[in-house]
Amino acid sequence: MPANQFYLMRHGHSQANDQGIICSNLSKGRLSYGLTTIGRKQVRTTAEDMWIGGHWHQDCVIVASPFLRAIQTAEIVAEVLGIDEIEQDERLRERFFGALDGGPDDQYQQVWDMDEGNPKHTQWQVESVTQVAKRGQELIEELDESHQGRILILVAHGDICSILATALSDQKLGHHRLNYPLATAACMRLPHV
């Protein structure tokens, strides 16, 4: 039985969302495509709702993807909740979209359609759903072992959030976008964790 409560939060609306492009390469995403003004407002609203909801306190740990948009999201959440430190872990990074990186974001749907039939596919050199699930589950297990009685907020990206939630709820991995299509700045408790 897990010792902690885990929440997934998707980053707020980003410049990549605004421009309609795929930014999945860590070397680019670490330095660019941060939050838009809309994204900052979304995150602040979500974080304030967390605070008002009464589930959040100093025993929270925030772990974020190293992408700029996720770090900026985590910083706003930390400020609102009064948390001093943010941890980073590359296992929360954006799913890598291979040859589609830098292209228009309407190409996501092609990948998701292929995911449904085969969560192991790597068409266009895309990181497979099973690979993303594995790295996310490894992180959850490590965090659960290293913390006791904490609330852990994992700030990440749309696909890793939907894939991880699907994997932990024992549903078909290929249906991750149907099961948990997390909107920007949305937060959800992880199933069974």
# chains A, B, ... in the order shown; residues from 1 in each chain; ligands from 1

$ residues_around --residues "A:Tyr108" --least-positions-apart "5" --cutoff "10 Å" --atoms "only C-alpha atoms" --output "PDB file with N, CA and C atoms, in the first residue's frame"
ATOM      1  N   ILE A  21       2.587  24.247 -31.839  1.00  0.00           N
ATOM      2  CA  ILE A  21       3.702  23.409 -32.252  1.00  0.00           C
ATOM      3  C   ILE A  21       4.011  22.355 -31.192  1.00  0.00           C
ATOM      4  N   ILE A  22       4.663  21.298 -31.627  1.00  0.00           N
ATOM      5  CA  ILE A  22       5.105  20.232 -30.731  1.00  0.00           C
ATOM      6  C   ILE A  22       6.498  20.584 -30.225  1.00  0.00           C
ATOM      7  N   PHE A  97       8.385  13.170 -29.242  1.00  0.00           N
ATOM      8  CA  PHE A  97       7.615  12.929 -30.461  1.00  0.00           C
ATOM      9  C   PHE A  97       8.487  12.800 -31.707  1.00  0.00           C
ATOM     10  N   LEU A 100       8.384  14.296 -35.404  1.00  0.00           N
ATOM     11  CA  LEU A 100       7.286  15.270 -35.387  1.00  0.00           C
ATOM     12  C   LEU A 100       7.599  16.488 -34.521  1.00  0.00           C
ATOM     13  N   GLY A 103       7.024  20.330 -35.288  1.00  0.00           N
ATOM     14  CA  GLY A 103       5.963  20.433 -36.287  1.00  0.00           C
ATOM     15  C   GLY A 103       4.647  20.876 -35.673  1.00  0.00           C
ATOM     16  N   ASP A 113      -3.858   8.009 -32.373  1.00  0.00           N
ATOM     17  CA  ASP A 113      -4.611   6.979 -33.096  1.00  0.00           C
ATOM     18  C   ASP A 113      -3.797   5.686 -33.174  1.00  0.00           C
ATOM     19  N   ASP A 159       0.716  14.029 -22.201  1.00  0.00           N
ATOM     20  CA  ASP A 159       0.798  12.600 -22.475  1.00  0.00           C
ATOM     21  C   ASP A 159       1.303  11.796 -21.287  1.00  0.00           C
TER      22      ASP A 159
END

$ residues_around --residues "A:Ala99" --least-positions-apart "5" --cutoff "9 Å" --atoms "only C-alpha atoms" --output "count of residues only"
3

$ closest_atom_pairs --of "stretch 112-176 of chain A" --to "stretch 75-89 of chain A" --cutoff "12 Å" --atoms "only C-alpha atoms" --output "tab-separated table"
residue	atom	partner	partner_atom	distance
A:Arg135	CA	A:Asp89	CA	10.5
A:Gly136	CA	A:Asp89	CA	10.1
A:Glu138	CA	A:Asp89	CA	11.4
A:Leu139	CA	A:Asp89	CA	8.3
A:Ile140	CA	A:Asp89	CA	11.1
A:Glu142	CA	A:Asp89	CA	11.4
A:Leu143	CA	A:Asp89	CA	10.8
A:Ile151	CA	A:Ile83	CA	11.8
A:Leu152	CA	A:Glu87	CA	10.6
A:Ile153	CA	A:Val77	CA	9.4
A:Leu154	CA	A:Gln88	CA	9.4
A:Val155	CA	A:Gln88	CA	9.2
A:Ala156	CA	A:Asp89	CA	9.8

$ write_last_selection --atoms "C-alpha atoms" --output "PDB file, in the first residue's frame"
ATOM      1  CA  ARG A 135       9.682   5.653 -16.549  1.00  0.00           C
ATOM      2  CA  GLY A 136       6.721   7.238 -14.797  1.00  0.00           C
ATOM      3  CA  GLU A 138       9.607   3.813 -11.715  1.00  0.00           C
ATOM      4  CA  LEU A 139       9.558   7.381 -10.431  1.00  0.00           C
ATOM      5  CA  ILE A 140       6.339   6.827  -8.465  1.00  0.00           C
ATOM      6  CA  GLU A 142      11.016   5.528  -5.862  1.00  0.00           C
ATOM      7  CA  LEU A 143       9.161   8.528  -4.471  1.00  0.00           C
ATOM      8  CA  ILE A 151       1.363  14.703  -0.634  1.00  0.00           C
ATOM      9  CA  LEU A 152       3.411  14.593  -3.827  1.00  0.00           C
ATOM     10  CA  ILE A 153       2.434  16.879  -6.694  1.00  0.00           C
ATOM     11  CA  LEU A 154       3.997  15.765  -9.965  1.00  0.00           C
ATOM     12  CA  VAL A 155       4.035  18.590 -12.515  1.00  0.00           C
ATOM     13  CA  ALA A 156       4.323  17.211 -16.020  1.00  0.00           C
TER      14      ALA A 156
END

$ closest_atom_pairs --of "stretch 72-152 of chain A" --to "stretch 172-189 of chain A" --cutoff "9 Å" --atoms "only C-alpha atoms" --output "JSON lines"
{"residue": "A:Thr73", "atom": "CA", "partner": "A:Ala185", "partner_atom": "CA", "distance": 7.9}
{"residue": "A:Trp112", "atom": "CA", "partner": "A:Arg177", "partner_atom": "CA", "distance": 7.1}
{"residue": "A:Asp113", "atom": "CA", "partner": "A:Gly174", "partner_atom": "CA", "distance": 8.6}
{"residue": "A:Met114", "atom": "CA", "partner": "A:Gly174", "partner_atom": "CA", "distance": 8.1}
{"residue": "A:Asp115", "atom": "CA", "partner": "A:Gly174", "partner_atom": "CA", "distance": 4.7}
{"residue": "A:Glu116", "atom": "CA", "partner": "A:Gly174", "partner_atom": "CA", "distance": 4.0}
{"residue": "A:Gly117", "atom": "CA", "partner": "A:Gly174", "partner_atom": "CA", "distance": 6.5}
{"residue": "A:Asn118", "atom": "CA", "partner": "A:Gly174", "partner_atom": "CA", "distance": 6.4}
{"residue": "A:Pro119", "atom": "CA", "partner": "A:Gly174", "partner_atom": "CA", "distance": 4.9}
{"residue": "A:Lys120", "atom": "CA", "partner": "A:Gly174", "partner_atom": "CA", "distance": 8.7}
{"residue": "A:Val129", "atom": "CA", "partner": "A:Leu173", "partner_atom": "CA", "distance": 6.9}
{"residue": "A:Thr130", "atom": "CA", "partner": "A:Leu173", "partner_atom": "CA", "distance": 7.4}
{"residue": "A:Ala133", "atom": "CA", "partner": "A:Leu173", "partner_atom": "CA", "distance": 8.3}

$ write_last_selection --atoms "C-alpha atoms" --output "short mmCIF file (atom, residue, chain, number, x, y, z; two decimals), in the first residue's frame"
data_model
loop_
_atom_site.label_atom_id
_atom_site.label_comp_id
_atom_site.auth_asym_id
_atom_site.auth_seq_id
_atom_site.Cartn_x
_atom_site.Cartn_y
_atom_site.Cartn_z
CA THR A 73 3.99 25.89 -13.27
CA TRP A 112 -2.68 8.91 -30.43
CA ASP A 113 -4.61 6.98 -33.10
CA MET A 114 -1.64 4.62 -33.46
CA ASP A 115 -1.31 4.39 -29.66
CA GLU A 116 -4.81 2.90 -29.48
CA GLY A 117 -3.85 -0.05 -31.65
CA ASN A 118 -0.30 -0.52 -30.40
CA PRO A 119 1.05 1.18 -27.24
CA LYS A 120 4.53 -0.13 -28.14
CA VAL A 129 3.41 4.67 -24.54
CA THR A 130 4.94 1.66 -22.78
CA ALA A 133 4.57 4.39 -18.56
#

$ residues_around --residues "A:His13" --least-positions-apart "5" --cutoff "10 Å" --atoms "only C-alpha atoms" --output "PyMOL selection string"
chain A and resi 18+33-43+69+73+183-185

$ write_last_selection --atoms "all heavy atoms" --output "short mmCIF file (atom, residue, chain, number, x, y, z; two decimals), in the first residue's frame"
data_model
loop_
_atom_site.label_atom_id
_atom_site.label_comp_id
_atom_site.auth_asym_id
_atom_site.auth_seq_id
_atom_site.Cartn_x
_atom_site.Cartn_y
_atom_site.Cartn_z
N ASP A 18 0.22 27.86 -27.54
CA ASP A 18 -0.25 29.07 -28.18
C ASP A 18 0.12 29.10 -29.67
O ASP A 18 -0.67 29.53 -30.50
CB ASP A 18 0.34 30.29 -27.46
CG ASP A 18 -0.42 31.55 -27.75
OD1 ASP A 18 -1.66 31.55 -27.64
OD2 ASP A 18 0.24 32.57 -28.09
N TYR A 33 9.72 28.07 -24.62
CA TYR A 33 8.31 27.69 -24.64
C TYR A 33 7.73 27.59 -23.23
O TYR A 33 7.09 26.62 -22.87
CB TYR A 33 8.08 26.39 -25.43
CG TYR A 33 8.48 26.52 -26.88
CD1 TYR A 33 9.64 25.92 -27.35
CD2 TYR A 33 7.71 27.28 -27.75
CE1 TYR A 33 10.02 26.07 -28.69
CE2 TYR A 33 8.08 27.43 -29.08
CZ TYR A 33 9.24 26.82 -29.53
OH TYR A 33 9.61 26.97 -30.84
N GLY A 34 7.95 28.65 -22.47
CA GLY A 34 7.39 28.72 -21.12
C GLY A 34 5.90 29.04 -21.15
O GLY A 34 5.24 28.96 -22.20
N LEU A 35 5.38 29.40 -19.99
CA LEU A 35 3.95 29.68 -19.86
C LEU A 35 3.58 31.00 -20.51
O LEU A 35 4.35 31.97 -20.49
CB LEU A 35 3.56 29.73 -18.38
CG LEU A 35 3.70 28.45 -17.58
CD1 LEU A 35 3.26 28.69 -16.14
CD2 LEU A 35 2.89 27.32 -18.20
N THR A 36 2.37 31.07 -21.01
CA THR A 36 1.79 32.33 -21.48
C THR A 36 1.13 33.02 -20.28
O THR A 36 1.02 32.44 -19.19
CB THR A 36 0.70 32.07 -22.55
OG1 THR A 36 -0.35 31.29 -21.94
CG2 THR A 36 1.26 31.35 -23.76
N THR A 37 0.67 34.22 -20.49
CA THR A 37 -0.06 34.94 -19.44
C THR A 37 -1.30 34.14 -19.04
O THR A 37 -1.62 34.01 -17.85
CB THR A 37 -0.47 36.35 -19.92
OG1 THR A 37 0.73 37.05 -20.28
CG2 THR A 37 -1.21 37.12 -18.86
N ILE A 38 -1.99 33.58 -20.02
CA ILE A 38 -3.16 32.74 -19.75
C ILE A 38 -2.74 31.54 -18.89
O ILE A 38 -3.42 31.19 -17.93
CB ILE A 38 -3.81 32.27 -21.06
CG1 ILE A 38 -4.46 33.45 -21.79
CG2 ILE A 38 -4.83 31.16 -20.81
CD1 ILE A 38 -4.88 33.14 -23.22
N GLY A 39 -1.64 30.92 -19.26
CA GLY A 39 -1.16 29.76 -18.52
C GLY A 39 -0.84 30.07 -17.07
O GLY A 39 -1.16 29.30 -16.16
N ARG A 40 -0.21 31.21 -16.84
CA ARG A 40 0.11 31.62 -15.46
C ARG A 40 -1.17 31.81 -14.64
O ARG A 40 -1.24 31.42 -13.48
CB ARG A 40 0.95 32.90 -15.46
CG ARG A 40 2.35 32.69 -15.97
CD ARG A 40 3.16 33.99 -15.98
NE ARG A 40 4.46 33.78 -16.55
CZ ARG A 40 5.49 33.25 -15.91
NH1 ARG A 40 5.37 32.89 -14.66
NH2 ARG A 40 6.65 33.08 -16.51
N LYS A 41 -2.18 32.41 -15.25
CA LYS A 41 -3.46 32.61 -14.56
C LYS A 41 -4.13 31.27 -14.27
O LYS A 41 -4.69 31.07 -13.19
CB LYS A 41 -4.39 33.50 -15.40
CG LYS A 41 -3.95 34.95 -15.43
CD LYS A 41 -4.86 35.78 -16.31
CE LYS A 41 -4.37 37.22 -16.40
NZ LYS A 41 -5.14 38.02 -17.36
N GLN A 42 -4.10 30.36 -15.25
CA GLN A 42 -4.69 29.03 -15.05
C GLN A 42 -4.05 28.32 -13.85
O GLN A 42 -4.74 27.76 -13.00
CB GLN A 42 -4.45 28.14 -16.28
CG GLN A 42 -5.22 28.46 -17.50
CD GLN A 42 -4.79 27.54 -18.65
OE1 GLN A 42 -3.63 27.15 -18.78
NE2 GLN A 42 -5.75 27.22 -19.52
N VAL A 43 -2.72 28.35 -13.81
CA VAL A 43 -1.99 27.65 -12.75
C VAL A 43 -2.30 28.28 -11.40
O VAL A 43 -2.55 27.57 -10.41
CB VAL A 43 -0.48 27.66 -13.04
CG1 VAL A 43 0.30 27.12 -11.84
CG2 VAL A 43 -0.17 26.87 -14.29
N ARG A 69 8.11 25.10 -19.10
CA ARG A 69 6.69 25.30 -18.82
C ARG A 69 6.27 24.57 -17.55
O ARG A 69 5.41 25.04 -16.82
CB ARG A 69 5.84 24.90 -20.02
CG ARG A 69 6.05 23.48 -20.55
CD ARG A 69 5.41 23.34 -21.92
NE ARG A 69 5.50 22.01 -22.49
CZ ARG A 69 6.36 21.66 -23.44
NH1 ARG A 69 7.24 22.54 -23.89
NH2 ARG A 69 6.33 20.44 -23.95
N THR A 73 5.24 26.34 -13.91
CA THR A 73 3.99 25.89 -13.27
C THR A 73 4.27 25.53 -11.82
O THR A 73 3.56 25.96 -10.91
CB THR A 73 3.40 24.69 -14.04
OG1 THR A 73 3.06 25.10 -15.37
CG2 THR A 73 2.17 24.12 -13.33
N ALA A 183 -6.55 18.66 -19.13
CA ALA A 183 -6.44 20.01 -19.71
C ALA A 183 -5.24 20.74 -19.10
O ALA A 183 -4.73 20.35 -18.05
CB ALA A 183 -7.73 20.79 -19.42
N THR A 184 -4.82 21.81 -19.74
CA THR A 184 -3.71 22.58 -19.20
C THR A 184 -4.06 23.09 -17.80
O THR A 184 -5.19 23.52 -17.55
CB THR A 184 -3.33 23.77 -20.11
OG1 THR A 184 -4.49 24.55 -20.38
CG2 THR A 184 -2.71 23.30 -21.41
N ALA A 185 -3.09 22.99 -16.89
CA ALA A 185 -3.19 23.41 -15.48
C ALA A 185 -4.17 22.58 -14.65
O ALA A 185 -4.44 22.92 -13.50
CB ALA A 185 -3.53 24.90 -15.37
#

$ select_by_dssp --residues "chain A" --states "helix (DSSP H, G or I)" --output "ChimeraX atom specification"
/A:15-19,26-29,37-53,68-81,90-92,98-100,105-117,123-125,129-146,158-168,173-179

$ atom_distance --atom1 "atom CA of A:Ser32" --atom2 "atom CA of A:Gly12"
14.2 Å

$ closest_residue --among "A:Thr46, A:Asp170, A:Gln131, A:Phe6" --to "A:Asp144" --atoms "only C-alpha atoms"
A:Phe6

$ select_by_dssp --residues "chain A" --states "strand (DSSP E)" --output "PyMOL selection string"
chain A and resi 5-10+60-64+86-88+151-156+187-189

$ decode --residues "stretch 177-188 of chain A" --atoms "N, CA, C and O atoms" --output "PDB file, in the first residue's frame"
ATOM      1  N   ARG A 177      -5.460   8.667 -23.983  1.00  0.00           N
ATOM      2  CA  ARG A 177      -6.072   9.962 -24.304  1.00  0.00           C
ATOM      3  C   ARG A 177      -7.587   9.928 -24.131  1.00  0.00           C
ATOM      4  O   ARG A 177      -8.212  10.962 -23.912  1.00  0.00           O
ATOM      5  N   LEU A 178      -8.175   8.767 -24.231  1.00  0.00           N
ATOM      6  CA  LEU A 178      -9.615   8.632 -24.001  1.00  0.00           C
ATOM      7  C   LEU A 178      -9.919   8.621 -22.508  1.00  0.00           C
ATOM      8  O   LEU A 178     -10.924   9.170 -22.063  1.00  0.00           O
ATOM      9  N   ASN A 179      -9.028   8.016 -21.722  1.00  0.00           N
ATOM     10  CA  ASN A 179      -9.252   7.857 -20.284  1.00  0.00           C
ATOM     11  C   ASN A 179      -8.998   9.126 -19.484  1.00  0.00           C
ATOM     12  O   ASN A 179      -9.779   9.481 -18.607  1.00  0.00           O
ATOM     13  N   TYR A 180      -7.874   9.777 -19.740  1.00  0.00           N
ATOM     14  CA  TYR A 180      -7.447  10.909 -18.902  1.00  0.00           C
ATOM     15  C   TYR A 180      -6.861  12.035 -19.748  1.00  0.00           C
ATOM     16  O   TYR A 180      -5.666  12.317 -19.680  1.00  0.00           O
ATOM     17  N   PRO A 181      -7.671  12.723 -20.531  1.00  0.00           N
ATOM     18  CA  PRO A 181      -7.152  13.850 -21.311  1.00  0.00           C
ATOM     19  C   PRO A 181      -7.081  15.122 -20.454  1.00  0.00           C
ATOM     20  O   PRO A 181      -7.981  15.945 -20.456  1.00  0.00           O
ATOM     21  N   LEU A 182      -6.017  15.253 -19.676  1.00  0.00           N
ATOM     22  CA  LEU A 182      -5.889  16.357 -18.723  1.00  0.00           C
ATOM     23  C   LEU A 182      -5.709  17.691 -19.450  1.00  0.00           C
ATOM     24  O   LEU A 182      -4.814  17.841 -20.287  1.00  0.00           O
ATOM     25  N   ALA A 183      -6.548  18.664 -19.127  1.00  0.00           N
ATOM     26  CA  ALA A 183      -6.444  20.007 -19.708  1.00  0.00           C
ATOM     27  C   ALA A 183      -5.244  20.742 -19.100  1.00  0.00           C
ATOM     28  O   ALA A 183      -4.726  20.346 -18.049  1.00  0.00           O
ATOM     29  N   THR A 184      -4.819  21.812 -19.739  1.00  0.00           N
ATOM     30  CA  THR A 184      -3.705  22.583 -19.195  1.00  0.00           C
ATOM     31  C   THR A 184      -4.064  23.091 -17.798  1.00  0.00           C
ATOM     32  O   THR A 184      -5.189  23.522 -17.546  1.00  0.00           O
ATOM     33  N   ALA A 185      -3.090  22.987 -16.889  1.00  0.00           N
ATOM     34  CA  ALA A 185      -3.193  23.409 -15.483  1.00  0.00           C
ATOM     35  C   ALA A 185      -4.166  22.582 -14.649  1.00  0.00           C
ATOM     36  O   ALA A 185      -4.440  22.916 -13.505  1.00  0.00           O
ATOM     37  N   ALA A 186      -4.673  21.487 -15.198  1.00  0.00           N
ATOM     38  CA  ALA A 186      -5.569  20.618 -14.422  1.00  0.00           C
ATOM     39  C   ALA A 186      -4.747  19.735 -13.491  1.00  0.00           C
ATOM     40  O   ALA A 186      -3.593  19.420 -13.756  1.00  0.00           O
ATOM     41  N   CYS A 187      -5.380  19.339 -12.383  1.00  0.00           N
ATOM     42  CA  CYS A 187      -4.722  18.505 -11.389  1.00  0.00           C
ATOM     43  C   CYS A 187      -5.668  17.371 -11.011  1.00  0.00           C
ATOM     44  O   CYS A 187      -6.876  17.587 -10.876  1.00  0.00           O
ATOM     45  N   MET A 188      -5.123  16.174 -10.862  1.00  0.00           N
ATOM     46  CA  MET A 188      -5.942  15.027 -10.487  1.00  0.00           C
ATOM     47  C   MET A 188      -5.160  14.120  -9.549  1.00  0.00           C
ATOM     48  O   MET A 188      -3.934  14.052  -9.620  1.00  0.00           O
TER      49      MET A 188
END
